Amino acid sequence: MKVKKRKITRKELKEDSFTKFMKKLIFLWNEKKTLFIGVIVGIVVIAAGLSYFISSRRRAFNDANERLTYSIILVLNGNMQEAYNQFDFLAKEYYGTLPGIKALFYLANMDFQSGQIDKAMERFTTLTKLTKDKFIRPSSYEGLAQCYEQKGDMNSAIENYQKAEELFEYNAFRAEVLLNIARIYETQRKFSDAEKVYKKVLSIVKTPSLKTEALQRLKMLQGLRQVLGG
């Protein structure tokens, strides 16, 4: 029996990554949309100038968060160019703040989807150094890995997928990254390494679709090994 493998094209990879980007866009919006603005509490009367500064900063952060929400709605409505412009404004005007970091993350993903791989890589690299956010930082390593795949540098792709997998807290996200690593191992004909990764996915994930995918790929590889006498 001959097991026929179908190679995943770069176009399919980008389409799949766009689907994941949209899922993460919604996740990030819902789970992390609250801005943690510092509130100073004290017995001593706060100086008028300091109070004004704090109020101004709070208003600025609220404005940034509202603009970010509006930008995300533009994406969901398919108005990508205007959304890109809004994200670009936020990333520059609020650089290093939570709204600015989120905007930079969305820009990197949109650059990747439009084929601007070098620009996406630059943004993702900046994010890995700029933020310790437990979702954005690993997602940025994942984005870097996808960029390296587009460039054909599979070893660098694996390296960045591994960094993402180490940092992700949610097992479902870890599993998605591991499946990408296993897929690359298959293209490199490192079937034993791919099997180990699929088994790891099965040991950590409960999501039915991810578990089914890992199990199907594992069985296919085991069948291939039997056919080849390995």
# chains A, B, ... in the order shown; residues from 1 in each chain; ligands from 1
$ residues_around --residues "Gln222 of chain A" --least-positions-apart "5" --cutoff "10 Å" --atoms "only C-alpha atoms" --output "JSON, numbers by chain"
{"A": [191, 192, 195, 216, 217, 227, 228, 230]}
$ select_by_dssp --residues "segment 73-214 of chain A" --states "helix (DSSP H, G or I)" --output "PyMOL selection string"
chain A and resi 73-76+80-93+98-113+117-130+136-151+154-167+171-187+191-204+208-214
$ residues_around --residues "Phe112 of chain A" --least-positions-apart "2" --cutoff "9 Å" --atoms "only C-alpha atoms" --output "list in words"
Lys14, Phe18, Leu107, Ala108, Asn109, Met110, Ser114, Gly115, Gln116, Ile117, Asp118, Lys119, Ala120, Met121, Gly143, Gln146 and Cys147 of chain A
$ atom_distance --atom1 "atom CA of Ala164 of chain A" --atom2 "atom CA of Val177 of chain A"
7.2 Å
$ closest_residue --among "A:Leu130, A:Met220, A:Ile72, A:Ala91" --to "Leu104 of chain A" --atoms "only C-alpha atoms"
A:Ala91
$ residues_around --residues "Glu165 of chain A" --least-positions-apart "6" --cutoff "9 Å" --atoms "only C-alpha atoms" --output "PyMOL selection string"
chain A and resi 138+141-142+171+173-178
